[in-house]
Each structure stands twice: as structure tokens, then as C-alpha cells.
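Content type mmCIF, C-alpha atoms, from the file coords-v5.cif:
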```
data_upload
#
loop_
_atom_site.label_atom_id
_atom_site.label_comp_id
_atom_site.auth_asym_id
_atom_site.auth_seq_id
_atom_site.Cartn_x
_atom_site.Cartn_y
_atom_site.Cartn_z
CA MET A 1 1.49 16.93 -4.05
CA THR A 2 -1.90 15.49 -4.90
CA GLY A 3 -4.69 14.30 -2.70
CA GLY A 4 -5.91 15.61 0.59
CA PRO A 5 -5.92 14.58 4.22
CA SER A 6 -8.04 11.52 3.41
CA GLU A 7 -5.39 10.08 1.07
CA GLU A 8 -3.73 7.13 2.78
CA LEU A 9 0.00 6.90 3.22
CA HIS A 10 1.18 3.74 1.52
CA LEU A 11 4.64 2.45 2.32
CA TRP A 12 4.26 -0.83 0.47
CA PHE A 13 6.14 -0.08 -2.71
CA HIS A 14 7.20 -3.67 -3.39
CA GLU A 15 4.96 -6.56 -2.50
CA PRO A 16 6.69 -9.74 -1.30
CA MET A 17 6.93 -12.61 -3.79
CA LYS A 18 5.22 -15.04 -1.41
CA PRO A 19 2.07 -14.83 0.68
CA ILE A 20 3.04 -13.70 4.19
CA ASP A 21 1.92 -17.02 5.69
CA LEU A 22 4.57 -18.78 3.60
CA MET A 23 7.42 -16.35 4.24
CA ASN A 24 10.44 -17.41 6.25
CA PRO A 25 10.09 -16.00 9.80
CA ILE A 26 13.63 -14.57 9.59
CA VAL A 27 12.61 -12.60 6.49
CA LEU A 28 9.57 -11.27 8.35
CA ALA A 29 11.84 -10.36 11.28
CA TYR A 30 14.21 -8.60 8.87
CA ILE A 31 11.52 -6.19 7.68
CA GLY A 32 9.89 -6.14 11.13
CA ASP A 33 13.13 -4.87 12.67
CA ALA A 34 13.16 -1.90 10.30
CA VAL A 35 9.45 -1.13 10.70
CA TYR A 36 9.68 -1.40 14.50
CA GLU A 37 12.66 0.98 14.55
CA VAL A 38 10.75 3.53 12.44
CA LEU A 39 7.72 3.31 14.73
CA VAL A 40 9.91 3.82 17.81
CA ARG A 41 11.64 6.80 16.18
CA GLN A 42 8.31 8.34 15.20
CA TYR A 43 7.09 7.98 18.78
CA LEU A 44 10.24 9.53 20.24
CA ILE A 45 10.14 12.46 17.83
CA SER A 46 6.54 13.11 18.91
CA LEU A 47 7.84 13.78 22.44
CA PRO A 48 9.61 16.93 23.65
CA ASN A 49 13.42 17.04 23.80
CA HIS A 50 14.92 16.13 20.45
CA ARG A 51 18.62 16.20 21.23
CA PRO A 52 20.17 13.38 19.18
CA HIS A 53 21.97 11.76 22.11
CA HIS A 54 18.76 11.85 24.15
CA LEU A 55 16.77 10.30 21.27
CA HIS A 56 19.33 7.49 20.95
CA ARG A 57 19.28 6.80 24.70
CA GLN A 58 15.50 6.70 24.72
CA ALA A 59 15.40 4.44 21.67
CA THR A 60 17.46 1.79 23.45
CA GLN A 61 14.57 1.46 25.94
CA PHE A 62 12.61 -0.06 23.05
CA VAL A 63 15.01 -1.57 20.51
CA SER A 64 17.46 -3.71 22.49
CA ALA A 65 16.85 -7.46 22.64
CA LYS A 66 16.11 -7.19 26.36
CA ALA A 67 13.64 -4.33 25.81
CA GLN A 68 11.90 -6.19 22.98
CA PHE A 69 11.66 -9.28 25.21
CA HIS A 70 9.84 -7.21 27.86
CA ILE A 71 7.58 -5.54 25.28
CA LEU A 72 6.63 -8.92 23.81
CA GLU A 73 5.71 -10.07 27.33
CA LYS A 74 3.40 -7.04 27.59
CA TRP A 75 1.86 -7.93 24.21
CA ARG A 76 1.28 -11.65 24.89
CA PRO A 77 -2.08 -11.32 26.69
CA HIS A 78 -3.38 -9.22 23.79
CA LEU A 79 -2.28 -11.46 20.90
CA THR A 80 -4.72 -13.34 18.71
CA GLU A 81 -4.15 -17.04 18.12
CA ALA A 82 -2.72 -16.30 14.65
CA GLU A 83 -0.37 -13.66 16.07
CA ALA A 84 0.78 -16.01 18.84
CA ASP A 85 1.54 -18.61 16.15
CA ILE A 86 3.67 -16.09 14.23
CA VAL A 87 5.49 -15.25 17.46
CA ARG A 88 6.22 -18.97 18.02
CA ARG A 89 7.49 -19.31 14.45
CA GLY A 90 9.74 -16.29 14.92
CA ARG A 91 11.06 -17.50 18.27
CA ASN A 92 11.87 -20.96 16.89
CA ALA A 93 13.50 -19.74 13.65
CA LYS A 94 17.21 -20.29 13.20
CA SER A 95 18.83 -16.93 12.56
CA GLY A 96 22.38 -18.18 12.18
CA THR A 97 24.15 -15.45 14.13
CA MET A 98 23.63 -13.96 17.55
CA PRO A 99 25.19 -10.78 18.93
CA LYS A 100 27.92 -11.45 21.50
CA ASN A 101 26.34 -9.27 24.16
CA ALA A 102 22.75 -10.55 23.80
CA ASP A 103 21.15 -13.10 26.08
CA PRO A 104 20.08 -15.99 23.76
CA ALA A 105 16.58 -16.16 25.26
CA HIS A 106 16.07 -12.41 24.89
CA TYR A 107 17.42 -12.49 21.35
CA LYS A 108 14.98 -15.24 20.32
CA GLN A 109 12.08 -13.30 21.81
CA ALA A 110 13.23 -10.09 20.10
CA THR A 111 13.29 -11.99 16.80
CA ALA A 112 9.76 -13.22 17.56
CA LEU A 113 8.57 -9.64 18.16
CA GLU A 114 10.20 -8.44 14.93
CA CYS A 115 8.64 -11.37 13.05
CA LEU A 116 5.20 -10.34 14.30
CA VAL A 117 5.78 -6.70 13.33
CA GLY A 118 6.91 -7.82 9.86
CA TYR A 119 3.86 -10.05 9.55
CA LEU A 120 1.49 -7.23 10.50
CA TYR A 121 3.32 -4.80 8.23
CA TYR A 122 3.10 -7.01 5.14
CA GLY A 123 -0.46 -7.93 6.10
CA LYS A 124 -1.19 -4.17 6.01
CA GLN A 125 -2.64 -4.35 9.51
CA VAL A 126 -1.69 -0.81 10.43
CA GLY A 127 -4.44 -0.49 13.02
CA ARG A 128 -3.22 -3.58 14.81
CA LEU A 129 0.36 -2.32 14.74
CA ARG A 130 -0.88 0.93 16.32
CA GLU A 131 -2.65 -1.00 19.09
CA LEU A 132 0.40 -3.07 19.95
CA MET A 133 2.77 -0.12 19.80
CA ALA A 134 0.46 1.85 22.10
CA ILE A 135 0.86 -1.01 24.60
CA ALA A 136 4.64 -0.90 24.09
CA PHE A 137 4.75 2.85 24.64
CA GLY A 138 2.23 2.79 27.49
CA ASP A 139 4.73 2.83 30.36
CA ALA A 140 6.91 5.48 28.74
CA ALA A 141 3.99 7.67 27.66
CA ASP A 142 2.23 7.47 31.02
CA GLY A 143 5.32 7.86 33.16
CA GLY A 144 5.05 4.26 34.35
CA THR A 145 1.26 4.00 34.26
CA THR A 146 -0.18 1.31 32.05
CA LYS A 147 -3.83 0.84 31.14
CA GLU A 148 -3.89 -2.28 33.32
CA ASN A 149 -2.62 -0.24 36.28
CA GLN A 150 -5.21 2.47 35.62
CA ASP A 151 -7.99 -0.16 35.44
CA ALA A 152 -6.78 -1.74 38.68
CA ARG A 153 -6.93 1.64 40.46
CA ALA A 154 -10.44 2.44 39.22
#
```
Would you mind writing the structure in this file as C-alpha cells?
Amino acid sequence: MTGGPSEELHLWFHEPMKPIDLMNPIVLAYIGDAVYEVLVRQYLISLPNHRPHHLHRQATQFVSAKAQFHILEKWRPHLTEAEADIVRRGRNAKSGTMPKNADPAHYKQATALECLVGYLYYGKQVGRLRELMAIAFGDAADGGTTKENQDARA
């Protein structure tokens, strides 16, 4: 293995054919779903208790349509105008199929979240992804205490 600690980890092996602003929101959601799942799994593995069933149960707190709907609601006040536009594009995109057990409104919002994650991923905005995921993990990491709650108590 070459390089040292300063060498960046690059996961962009294949650049998309189109600029990200011109990509179909469903395509961005497709990659965003995978990236989001990896980020959730990395977070869960960083915690104690790695029994597979426990990991799966914890993951559903973040990856279900309903959970993604709630996380997107937590993100909304923090989004830039450009990010909010991507979220709107993702929410309004026609995906074709919807899971039987998903609430349509939650599913559209989950697609919007995944579209934003895909957009940030292909835009190589790793720092921004970290910020948003820290907000998503805030309640779980703090045992129900968010930064907003901490600020309100101070």
C-alpha cells in the first residue's frame, strides 16, 4: 500500500457521463441510496455492540422511507438554496414503482433525501455529507440530545 495518512480515500472510480446538474434525479437517488446505506453502516459499526441482528435493527432507524422522511425534516433548516432545489427535484421525480408498505409521501421524501446524497457524492462534497450525516445521527449519538436541544438548554 502506498501513501500515508494524508493520502485521500477516493471512491469515485467512474465519473458520470453528464454533469451532476443535468443528471436525472432518480439516477442521483439510485447512487445516493447506496452511499447513504454505506454511511449508516459505517456509523453503526463505529458504535459498540456489533451483533448482526442488532446492526440490522439499528439500521432501520435510518434507512426506511419513514426514517429518511424524518431525517430530511431535520436537514431542511440547514440546506443551502441549491441543496433545497435538488431535494425538490428528487421529491417531484417519477420513480415508476413504489413499495407496497411505504407511505407515498414518505417514499417521495426518502427519494429526495437519496437524490441529495447522490448529488453531494458526485459533487465530491464529502465535508457537506459529513455535516448532514452528523445531524442525522445526532439523536442516536447523543441518546436523544440534538445540538438544537443543547443550545436551547444553554
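For the set A:Ala59, A:His78, A:Val40, A:Glu83, the residue with the smallest atom-to-atom gap to Gly118 (chain A) is A:Glu83, counting only C-alpha atoms.
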Target residues per the PyMOL selection byres ((chain A and resi 44-49) around 12), formatted as a ChimeraX atom specification
/A:37-43,50-62,137,140-141
Just the residues within 12 Å of region 89-102 of chain A, please, counting only C-alpha atoms, with nothing from its chain fewer than 2 positions along; format it as a PyMOL selection string.
chain A and resi 21-30+32+64-69+72+82-87+104-119
Give me, please, the distance in Å between CA of Lys18 (chain A) and CA of Glu73 (chain A), quoted to one decimal.
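The value is 29.2 Å.
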Could you work out how far CA of Ala136 (chain A) lies from CA of Thr80 (chain A), giving the answer in Å with one decimal?
16.5 Å
